[in-house]
Structure formats: C-alpha cells, structure tokens
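Colleague: Quick one: structure below, then a few questions.
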Amino acid sequence: MQTVLRACLGCCLWLLASVQALESIFGSFNLELEFPTPQERERTLREGLYDPSSVIPVDVDVYYKHGDATPSIFVTIPRFAKGVPYSLAYVTNEMRPNGTLLQAYPSYEWHKTHGADCNGLTSVYRTQIDECGRMWILDSGEIDFIQLCPPQLYAIDLENGKIVHQYKMPKRLYKEGVSRFVTPTVDLHPENCDVTFVYMADSIGDGIVVYDVAAQQSWRIENKFTYPHPDFGTFTIAGESFQLWDGTVSTTLTPHGLGGRRMLYFHSLSSEWQMGIPLDVVNNGSNWKLNDIGAALEQFQLLGKRGSQCVGTAMSETGFLLCGLVKPSSILAWNIREPYSHQNLVMLVEDEERLQFTSGLKIVRNHEGKEEMWALSNRLQKAFGAGLNYKEVNFRILKCGVQELLSGRPCI
Ligand SMILES: *[C@@H]1O[C@H](CO)[C@@H](O)[C@H](O)[C@H]1NC(C)=O
Ligand SMILES: *[C@@H]1O[C@H](CO)[C@@H](O)[C@H](O)[C@H]1NC(C)=O
C-alpha cells in the first residue's frame with residue numbers, strides 16, 4: 001500500500017488528486033423509502049421486513065433518456081438481511097428529513113414477496129444499463145444466504161418498462177447457500193443492440209458465470225485467481241476495520257475499437273491482484289469444464305498488485321480502468337495500454353470523507369454523448385462494524401466528466 005501512495009506522492013498527479021473534487025448529486029443520512037400506503041409501511045416494520053438500519057445502498061446506475069439533460073438515477077439495496085423492503089429503487093425529486101425519497105423500481109410489487117415469488121426481484125447488488133437503454137439486473141436470489149430463488153438476470157427496456165430478457169441460472173452453476181452474484185457486465189455487439197455475452201461475478205462463491213446470450217448457454221470459471229487473498233481480508237477505512245472475505249466482485253472488458261485481442265479484466269474484492277484473461281478464451285465454452293480448477297489456467301495473467309482492495313470498477317471508451325480504491329479512499333485509474341505497475345496507477349481523486357467504500361462505479365454516456373463517471377459510497381465499514389451514525393451523511397452519489405477527471409480539470 002505504502003508503495004502506491006509514495007509513487008503518487010512523488011509526482012504532480014497527487015497534487016491533481018488533492019484539488020480535484022467530485023460533484024455531489026445525492027447525500028443522505030439514511031435512505032428514505034416510499035411505500036404504497038402508510039399501512040404497508042407499518043406492516044413491514046411490524047413484520048421485520050423493514051428495518052431502517054438494514055437499508056444500505058451498494059450501486060448506482062444512470063440513464064439519460066434520449067435528448068433529456070436530466071437523468072434517471074437508480075440505486076440498488078441488497079437484502080443482506082431481512083429488513084429491506086425493496087432492493088432496486090430510483091431517486092425521486094422529493095426531499096425528506098434524512099435525504100431524497102426513493103421509490104421502488106420497476107414497482108413495489110416486484111419486491112414485495114421477499115423471495116416467495118421468483119418472478120419478482122429477491123436481492124440486487126448491481127445493475128448495468130447498456131448503451132441501448134436496457135437495464136440488466138442481476139438478482140442473487142438469496143436473502144442472508146438463504147437461496148430462495150435461482151440467481152437470475154433480467155433486462156428491462158427503460159423506455160417502456162418491458163422485460164426484454166430473462167435468464168434463470170441452472171443449478172450446476174451456483175452454490176446454494178454460498179453463492180452471491182453481485183455484478184453483471186454486458187457486452188454489446190459493436191454495431192447493433194445485440195447483447196453477445198453477460199459476465200456475472202459470484203463474490204462469495206468465488207467465480208464468474210459466462211452467459212452466451214445468442215447460444216443460450218452458460219458456464220462457470222473458478223480457480224485460484226477468482227478467490228480472495230488472506231492478506232486482504234481486513235478492510236480499514238477512515239481508521240475503522242472490518243472483515244470481508246469475497247472473491248471476484250466485478251469484471252470489465254477492453255472497449256470495442258481499441259484494436260488487438262480483447263481482454264476480460266477481473267479482481268477479487270479481498271485481494272490486491274488485478275487479473276486479466278483474453279476474452280476469446282473466456283467466450284469459448286469448450287474451455288470450461290465444470291469443477292475443473294485447472295481449466296485454461298495458463299491463460300490467466302496476473303497484471304499487477306495495487307497494494308489495497310478495489311471495489312466498484314468501470315472502463316472508459318478510451319481504455320482507462322477506474323476503480324474505487326479502499327486505502328486511501330480514492331478513485332484509481334489505469335491506462336490498459338501500460339503495465340499495471342505503481343508508476344502507471346494514478347489516484348484521480350482522493351477523498352477520505354466522501355469516498356468511504358465506493359461500491360458502485362459506472363461510466364455512462366450523457367445526453368450529449370459525453371462520458372461521465374458516477375460513484376456511490378456507503379461507509380460499509382460502519383454499517384458492518386459499530387453501526388452508522390445517522391447524524392452524518394452516510395450515503396453519497398458523486399459524479400464527474402471522465403475527460404475532466406482524467407485531465408485534472410474541474411468536474412462538470
Ligand atoms: C431519519 O432520521 C431520524 C433521526 O436520526 C430517525 O429517527 C429516523 O428513523 C430516520 N428515518 C429513516 C427512514 O431512517
Ligand atoms: C474453443 O476451444 C477449443 C479447445 O478447448 C478449441 O479446440 C476450439 O478451436 C476453440 N474454438 C474457437 C472458435 O476458438
């Protein structure tokens with residue numbers, strides 16, 4: 001860790017990090033949730049289906065409707081525990097005492113059975129809105145490690161709210177009571193809106209499920225590189241520590257149009273290793289026999305070690321991989337054309353106050369086609385430790401133009 005810090009201290013980029021400030025879009029002491037009726041709110045409280053101290057956002061996603069300068073902002077609220085009334089929401093315009101009011105998405109009905117109806121949503125960690133206006137929702141299907149439904153993936157067309165794809169994971173590809181599917185990564189065809197593959201990270205089952213959408217086939221990748229590392233099971237943020245023992249948390253892809261062999265980049269949450277593997281190897285199902293932990297092992301590349309954990313990741317169209325670094329609390333960037341070494345890892349923004357556990361990170365195109373980075377931070381060290389202090393802002397959504405961020409200009 002010290003090496004990362006020193007490498008950046010040694011150059012002017014650190015100066016850049018200290019002056020750069022992300023634009024604050026949302027800040028909340030605790031999440032304020034809308035209910036269909038006050039009686040329904042009372043019922044969920046009474047039955048233990050709503051506990052305000054269990055409601056912790058993890059991911060943010062953003063959608064600019066064609067030509068509209070004001071985006072829709074979505075937030076996921078995984079059901080780590082029972083007291084989460086709904087697991088996917090959008091930010092409304094209504095202010096409440098603890099923050100802006102959230103409303104269930106697609107509707108309250110989708111979440112209301114808490115896993116009894118598998119055609120709704122059981123628990124969502126992260127989503128991805130693709131460039132054709134569809135939201136891909138990865139539902140882990142479990143609440144507090146009770147697998148109530150198979151993990152599944154939905155795609156919803158955000159223009160009309162219609163379900164355009166649904167995939168239920170076959171039993172052989174997940175570990176009941178263990179798996180926790182946390183992040184989907186969607187690969188679109190470069191010329192049209194066909195989705196070719198979806199990669200799904202299983203952070204506690206320590207693997208990646210690859211879904212070939214056209215062929216309707218899927219397979220699982222799991223080996224020593226998809227696991228956590230004992231040196232990085234303790235997370236320390238702003239002086240507080242907690243334990244997380246998570247494998248592969250997210251994947252990203254070489255953007256189309258950069259030329260060369262495309263890669264799948266991935267990392268375990270409890271690890272400092274940045275991994276990569278050629279995408280054509282990942283996408284060829286005959287390489288991946290179930291439970292073969294030696295499958296294509298020679299194709300995996302340890303690209304480098306960063307000295308701390310990274311949570312959310314996102315790839316820019318120009319080939320910069322951004323991640324929410326844990327220590328120090330910052331946004332880290334790597335130009336994928338360069339070796340993954342300390343000299344080439346740049347802390348774009350360091351913010352000990354506002355970037356405490358950046359679990360959600362997205363790069364989205366705004367109404368003018370310009371790339372923006374959106375981040376969600378949630379002080380998970382407190383939520384999973386001594387508890388949140390509801391007198392301070394715990395949950396934040398921050399943003400910055402990607403070009404501004406990379407060049408050190410003020411965020412717009
Ligand atoms: C809002 O904050 C107040 C004061 O901390 C607290 O009593 C109340 O339960 C909070 N509401 C929610 C929804 O968290
Ligand atoms: C897929 O991998 C197998 C070996 O596992 C190889 O024989 C085959 O040629 C590959 N297919 C493609 C399209 O690359």
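Identifiers in this document derive from the order of the structure tokens: chains are assigned A, B, ..., residues are numbered from 1 separately in each chain, and ligands are numbered from 1 in order of occurrence.
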Check range 154-285 of chain A with DSSP on the backbone and list each residue it calls alpha helix (DSSP H), as a list of chain:residue names.
Modeller: A:Leu279, A:Asp280, A:Val281, A:Val282
Colleague: Generate the output file for the selected residues, N, CA, C and O atoms, as a CSV table (one decimal), in the first residue's frame.
Modeller:
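Okay, out-v4.csv is ready:
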```
chain,number,residue,atom,x,y,z
A,279,LEU,N,-10.4,-12.5,-23.9
A,279,LEU,CA,-11.9,-12.7,-23.9
A,279,LEU,C,-12.3,-13.9,-24.8
A,279,LEU,O,-13.2,-14.5,-24.5
A,280,ASP,N,-11.5,-14.1,-25.9
A,280,ASP,CA,-11.9,-15.2,-26.7
A,280,ASP,C,-11.7,-16.6,-26.0
A,280,ASP,O,-12.5,-17.5,-26.2
A,281,VAL,N,-10.9,-16.6,-25.0
A,281,VAL,CA,-10.7,-17.8,-24.2
A,281,VAL,C,-11.9,-18.0,-23.3
A,281,VAL,O,-12.5,-19.1,-23.1
A,282,VAL,N,-12.3,-16.9,-22.7
A,282,VAL,CA,-13.5,-16.8,-21.8
A,282,VAL,C,-14.7,-17.2,-22.5
A,282,VAL,O,-15.6,-18.0,-22.0
```
Colleague: Can you pull out every residue within 8 Å of range 371-377 of chain A, counting only C-alpha atoms, but drop anything in the same chain fewer than 2 positions away, and send it as JSON, numbers by chain?
Modeller: {"A": [58, 59, 60, 61, 62, 316, 354, 355, 356, 357, 358, 359, 360, 361, 362, 363, 364, 365, 366, 369, 379, 394, 395, 396, 397, 398, 399, 400, 401, 402, 403]}
Colleague: With N, CA and C atoms kept, could you save the residues just selected as an mmCIF file, in the first residue's frame?
Modeller:
```cif
data_model
loop_
_atom_site.group_PDB
_atom_site.id
_atom_site.type_symbol
_atom_site.label_atom_id
_atom_site.label_comp_id
_atom_site.auth_asym_id
_atom_site.auth_seq_id
_atom_site.Cartn_x
_atom_site.Cartn_y
_atom_site.Cartn_z
ATOM 1 N N VAL A 58 -25.757 -0.010 -2.487
ATOM 2 C CA VAL A 58 -24.482 -0.548 -2.948
ATOM 3 C C VAL A 58 -24.085 -0.014 -4.333
ATOM 4 N N ASP A 59 -25.074 0.150 -5.203
ATOM 5 C CA ASP A 59 -24.709 0.528 -6.571
ATOM 6 C C ASP A 59 -25.575 1.686 -7.049
ATOM 7 N N VAL A 60 -25.034 2.414 -8.014
ATOM 8 C CA VAL A 60 -25.774 3.488 -8.674
ATOM 9 C C VAL A 60 -25.760 3.198 -10.164
ATOM 10 N N ASP A 61 -26.835 3.556 -10.835
ATOM 11 C CA ASP A 61 -26.859 3.453 -12.284
ATOM 12 C C ASP A 61 -27.652 4.641 -12.819
ATOM 13 N N VAL A 62 -27.327 5.054 -14.040
ATOM 14 C CA VAL A 62 -27.834 6.325 -14.538
ATOM 15 C C VAL A 62 -28.295 6.162 -15.972
ATOM 16 N N SER A 316 -13.496 3.123 -19.331
ATOM 17 C CA SER A 316 -13.870 4.224 -20.232
ATOM 18 C C SER A 316 -13.694 3.762 -21.674
ATOM 19 N N ARG A 354 -15.612 11.598 1.613
ATOM 20 C CA ARG A 354 -16.761 11.285 0.755
ATOM 21 C C ARG A 354 -16.646 9.957 0.003
ATOM 22 N N LEU A 355 -15.446 9.391 -0.063
ATOM 23 C CA LEU A 355 -15.298 8.127 -0.804
ATOM 24 C C LEU A 355 -15.050 6.945 0.139
ATOM 25 N N GLN A 356 -15.822 6.863 1.192
ATOM 26 C CA GLN A 356 -15.646 5.734 2.121
ATOM 27 C C GLN A 356 -16.443 4.534 1.613
ATOM 28 N N PHE A 357 -15.723 3.610 1.034
ATOM 29 C CA PHE A 357 -16.225 2.391 0.408
ATOM 30 C C PHE A 357 -17.059 2.696 -0.839
ATOM 31 N N THR A 358 -16.358 2.859 -1.934
ATOM 32 C CA THR A 358 -17.001 3.164 -3.218
ATOM 33 C C THR A 358 -17.421 1.852 -3.872
ATOM 34 N N SER A 359 -18.621 1.419 -3.535
ATOM 35 C CA SER A 359 -19.047 0.091 -4.004
ATOM 36 C C SER A 359 -19.710 0.147 -5.363
ATOM 37 N N GLY A 360 -20.187 1.331 -5.747
ATOM 38 C CA GLY A 360 -20.817 1.470 -7.062
ATOM 39 C C GLY A 360 -19.995 2.413 -7.916
ATOM 40 N N LEU A 361 -19.661 2.002 -9.124
ATOM 41 C CA LEU A 361 -18.914 2.867 -10.033
ATOM 42 C C LEU A 361 -19.395 2.593 -11.449
ATOM 43 N N LYS A 362 -19.752 3.643 -12.154
ATOM 44 C CA LYS A 362 -20.261 3.473 -13.519
ATOM 45 C C LYS A 362 -19.666 4.538 -14.413
ATOM 46 N N ILE A 363 -19.514 4.189 -15.685
ATOM 47 C CA ILE A 363 -19.257 5.213 -16.688
ATOM 48 C C ILE A 363 -20.440 5.178 -17.639
ATOM 49 N N VAL A 364 -21.137 6.302 -17.736
ATOM 50 C CA VAL A 364 -22.324 6.355 -18.597
ATOM 51 C C VAL A 364 -22.174 7.518 -19.577
ATOM 52 N N ARG A 365 -22.880 7.425 -20.678
ATOM 53 C CA ARG A 365 -22.856 8.478 -21.680
ATOM 54 C C ARG A 365 -24.041 9.394 -21.417
ATOM 55 N N ASN A 366 -23.798 10.702 -21.351
ATOM 56 C CA ASN A 366 -24.918 11.610 -21.084
ATOM 57 C C ASN A 366 -25.667 11.950 -22.375
ATOM 58 N N GLY A 369 -23.675 12.610 -25.352
ATOM 59 C CA GLY A 369 -22.726 11.577 -25.775
ATOM 60 C C GLY A 369 -21.407 11.597 -25.024
ATOM 61 N N ARG A 379 -19.966 3.904 3.315
ATOM 62 C CA ARG A 379 -19.419 3.719 4.676
ATOM 63 C C ARG A 379 -19.678 2.310 5.221
ATOM 64 N N ASN A 394 -24.117 9.439 5.244
ATOM 65 C CA ASN A 394 -23.539 8.101 5.104
ATOM 66 C C ASN A 394 -23.489 7.619 3.662
ATOM 67 N N PHE A 395 -24.465 8.041 2.895
ATOM 68 C CA PHE A 395 -24.588 7.517 1.533
ATOM 69 C C PHE A 395 -24.504 8.670 0.544
ATOM 70 N N ARG A 396 -23.640 8.497 -0.425
ATOM 71 C CA ARG A 396 -23.429 9.586 -1.381
ATOM 72 C C ARG A 396 -23.402 9.086 -2.809
ATOM 73 N N ILE A 397 -23.888 9.927 -3.702
ATOM 74 C CA ILE A 397 -23.688 9.694 -5.138
ATOM 75 C C ILE A 397 -22.933 10.908 -5.660
ATOM 76 N N LEU A 398 -21.822 10.620 -6.337
ATOM 77 C CA LEU A 398 -20.924 11.665 -6.814
ATOM 78 C C LEU A 398 -20.678 11.466 -8.303
ATOM 79 N N LYS A 399 -20.351 12.543 -8.989
ATOM 80 C CA LYS A 399 -20.069 12.355 -10.414
ATOM 81 C C LYS A 399 -19.010 13.309 -10.938
ATOM 82 N N CYS A 400 -18.478 12.975 -12.117
ATOM 83 C CA CYS A 400 -17.513 13.839 -12.794
ATOM 84 C C CYS A 400 -17.432 13.406 -14.253
ATOM 85 N N GLY A 401 -17.233 14.357 -15.161
ATOM 86 C CA GLY A 401 -16.980 14.001 -16.557
ATOM 87 C C GLY A 401 -15.687 13.194 -16.631
ATOM 88 N N VAL A 402 -15.655 12.147 -17.433
ATOM 89 C CA VAL A 402 -14.470 11.278 -17.466
ATOM 90 C C VAL A 402 -13.248 12.041 -17.994
ATOM 91 N N GLN A 403 -13.420 12.849 -19.030
ATOM 92 C CA GLN A 403 -12.270 13.597 -19.565
ATOM 93 C C GLN A 403 -11.734 14.600 -18.538
#
```
Colleague: Using 10 Å as the limit and counting only C-alpha atoms and all ligand atoms, can you tabulate each residue of chain A that touches ligand 2, with its shortest atom-to-atom distance in Å and the two atoms involved, as a tab-separated table?
Modeller:
```
residue	atom	partner	partner_atom_place_in_ligand_line	distance
A:Asp280	CA	ligand 2	14 (O)	6.9
A:Val281	CA	ligand 2	2 (O)	7.2
A:Val282	CA	ligand 2	1 (C)	9.5
A:Asn283	CA	ligand 2	1 (C)	8.5
A:Asn284	CA	ligand 2	1 (C)	4.9
A:Gly285	CA	ligand 2	1 (C)	6.9
A:Ser286	CA	ligand 2	5 (O)	4.7
A:Asn287	CA	ligand 2	5 (O)	4.1
A:Trp288	CA	ligand 2	5 (O)	7.7
A:Lys289	CA	ligand 2	5 (O)	9.4
A:Ala295	CA	ligand 2	5 (O)	9.1
A:Ala296	CA	ligand 2	5 (O)	8.3
```
Colleague: Could you please take those selected residues and save N, CA, C and O atoms as a PDB file, in the first residue's frame?
Modeller:
```pdb
ATOM      1  N   ASP A 280     -11.512 -14.103 -25.880  1.00  0.00           N
ATOM      2  CA  ASP A 280     -11.879 -15.242 -26.736  1.00  0.00           C
ATOM      3  C   ASP A 280     -11.748 -16.561 -25.975  1.00  0.00           C
ATOM      4  O   ASP A 280     -12.496 -17.506 -26.245  1.00  0.00           O
ATOM      5  N   VAL A 281     -10.860 -16.626 -25.022  1.00  0.00           N
ATOM      6  CA  VAL A 281     -10.709 -17.839 -24.213  1.00  0.00           C
ATOM      7  C   VAL A 281     -11.910 -17.990 -23.266  1.00  0.00           C
ATOM      8  O   VAL A 281     -12.487 -19.070 -23.121  1.00  0.00           O
ATOM      9  N   VAL A 282     -12.295 -16.854 -22.673  1.00  0.00           N
ATOM     10  CA  VAL A 282     -13.455 -16.842 -21.762  1.00  0.00           C
ATOM     11  C   VAL A 282     -14.729 -17.228 -22.517  1.00  0.00           C
ATOM     12  O   VAL A 282     -15.568 -17.983 -22.014  1.00  0.00           O
ATOM     13  N   ASN A 283     -14.847 -16.715 -23.739  1.00  0.00           N
ATOM     14  CA  ASN A 283     -16.082 -16.875 -24.509  1.00  0.00           C
ATOM     15  C   ASN A 283     -16.220 -18.225 -25.198  1.00  0.00           C
ATOM     16  O   ASN A 283     -17.267 -18.506 -25.779  1.00  0.00           O
ATOM     17  N   ASN A 284     -15.209 -19.048 -25.129  1.00  0.00           N
ATOM     18  CA  ASN A 284     -15.265 -20.376 -25.743  1.00  0.00           C
ATOM     19  C   ASN A 284     -15.627 -21.411 -24.674  1.00  0.00           C
ATOM     20  O   ASN A 284     -14.782 -21.844 -23.891  1.00  0.00           O
ATOM     21  N   GLY A 285     -16.881 -21.793 -24.659  1.00  0.00           N
ATOM     22  CA  GLY A 285     -17.405 -22.682 -23.626  1.00  0.00           C
ATOM     23  C   GLY A 285     -16.686 -24.018 -23.520  1.00  0.00           C
ATOM     24  O   GLY A 285     -16.647 -24.619 -22.445  1.00  0.00           O
ATOM     25  N   SER A 286     -16.095 -24.475 -24.618  1.00  0.00           N
ATOM     26  CA  SER A 286     -15.457 -25.795 -24.539  1.00  0.00           C
ATOM     27  C   SER A 286     -14.168 -25.765 -23.721  1.00  0.00           C
ATOM     28  O   SER A 286     -13.608 -26.801 -23.385  1.00  0.00           O
ATOM     29  N   ASN A 287     -13.699 -24.557 -23.356  1.00  0.00           N
ATOM     30  CA  ASN A 287     -12.534 -24.468 -22.462  1.00  0.00           C
ATOM     31  C   ASN A 287     -12.884 -24.720 -21.001  1.00  0.00           C
ATOM     32  O   ASN A 287     -12.001 -24.905 -20.178  1.00  0.00           O
ATOM     33  N   TRP A 288     -14.175 -24.666 -20.670  1.00  0.00           N
ATOM     34  CA  TRP A 288     -14.552 -24.583 -19.255  1.00  0.00           C
ATOM     35  C   TRP A 288     -15.418 -25.750 -18.820  1.00  0.00           C
ATOM     36  O   TRP A 288     -16.632 -25.678 -18.819  1.00  0.00           O
ATOM     37  N   LYS A 289     -14.748 -26.810 -18.428  1.00  0.00           N
ATOM     38  CA  LYS A 289     -15.470 -27.963 -17.882  1.00  0.00           C
ATOM     39  C   LYS A 289     -15.804 -27.663 -16.421  1.00  0.00           C
ATOM     40  O   LYS A 289     -14.973 -27.099 -15.697  1.00  0.00           O
ATOM     41  N   ALA A 295      -8.653 -25.546 -15.577  1.00  0.00           N
ATOM     42  CA  ALA A 295      -9.042 -25.211 -16.953  1.00  0.00           C
ATOM     43  C   ALA A 295      -8.398 -23.905 -17.418  1.00  0.00           C
ATOM     44  O   ALA A 295      -8.503 -22.882 -16.732  1.00  0.00           O
ATOM     45  N   ALA A 296      -7.732 -23.955 -18.543  1.00  0.00           N
ATOM     46  CA  ALA A 296      -7.114 -22.782 -19.195  1.00  0.00           C
ATOM     47  C   ALA A 296      -6.291 -21.927 -18.229  1.00  0.00           C
ATOM     48  O   ALA A 296      -6.151 -20.712 -18.436  1.00  0.00           O
TER      49      ALA A 296
END
```
Colleague: Using only C-alpha atoms and all ligand atoms, which residues of the polymer chains come no farther than 12 Å from ligand 1? I'd like the answer as number ranges by chain.
Modeller: A: 28-35, 41, 45, 50-56, 84-85, 95-102, 388-395
Colleague: Leaving out range 138-151 of chain A and any residue of its chain fewer than 5 positions from it, which residues lie within 7 Å of it when counting only C-alpha atoms, given as number ranges by chain?
Modeller: A: 79-82, 115, 118, 121-124, 126-127, 168-169, 176-178, 180-184
Colleague: Kindly export the residues of the current selection with C-alpha atoms, as a PDB file, in the first residue's frame.
Modeller:
```pdb
ATOM      1  CA  ARG A  79     -31.036  -7.779   1.021  1.00  0.00           C
ATOM      2  CA  PHE A  80     -28.018  -8.572   3.204  1.00  0.00           C
ATOM      3  CA  ALA A  81     -30.650  -9.115   5.865  1.00  0.00           C
ATOM      4  CA  LYS A  82     -34.432  -9.374   6.034  1.00  0.00           C
ATOM      5  CA  GLY A 115     -38.298 -14.178  -2.381  1.00  0.00           C
ATOM      6  CA  CYS A 118     -39.197 -15.911  -8.110  1.00  0.00           C
ATOM      7  CA  LEU A 121     -36.721  -9.473  -7.616  1.00  0.00           C
ATOM      8  CA  THR A 122     -35.242 -11.039  -4.487  1.00  0.00           C
ATOM      9  CA  SER A 123     -31.931  -9.227  -3.966  1.00  0.00           C
ATOM     10  CA  VAL A 124     -29.994  -6.958  -6.286  1.00  0.00           C
ATOM     11  CA  ARG A 126     -25.606  -4.257  -9.046  1.00  0.00           C
ATOM     12  CA  THR A 127     -27.075  -3.447 -12.433  1.00  0.00           C
ATOM     13  CA  LYS A 168     -32.542 -18.181 -14.717  1.00  0.00           C
ATOM     14  CA  MET A 169     -29.219 -19.701 -13.775  1.00  0.00           C
ATOM     15  CA  GLU A 176     -26.749 -22.865  -2.927  1.00  0.00           C
ATOM     16  CA  GLY A 177     -26.298 -21.084   0.406  1.00  0.00           C
ATOM     17  CA  VAL A 178     -22.854 -19.848  -0.637  1.00  0.00           C
ATOM     18  CA  ARG A 180     -23.678 -14.357  -4.069  1.00  0.00           C
ATOM     19  CA  PHE A 181     -23.953 -12.894  -7.550  1.00  0.00           C
ATOM     20  CA  VAL A 182     -23.063  -9.252  -7.288  1.00  0.00           C
ATOM     21  CA  THR A 183     -22.149  -7.678 -10.630  1.00  0.00           C
ATOM     22  CA  PRO A 184     -23.243  -8.146 -14.243  1.00  0.00           C
TER      23      PRO A 184
END
```
Colleague: What does the structure give for the distance between CA of Thr254 in chain A and CA of Tyr174 in chain A, in Å to one decimal?
Modeller: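 That distance, rounded to one decimal, is 26.4 Å.
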Colleague: Please indicate the distance in Å from CA of His189 in chain A to CA of Gln299 in chain A, rounded to one decimal place.
Modeller: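 Calculated distance between CA of His189 in chain A and CA of Gln299 in chain A is 24.1 Å.
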Colleague: From a DSSP pass on the backbone, collect the residues of range 173-385 of chain A flagged as strand (DSSP E) and hand them back as a ChimeraX atom specification.
Modeller: /A:181-188,195-202,207-212,217-221,234-237,240-243,248-253,263-268,273-278,301-305,310-315,320-325,330-335,345-350,358-365,371-377
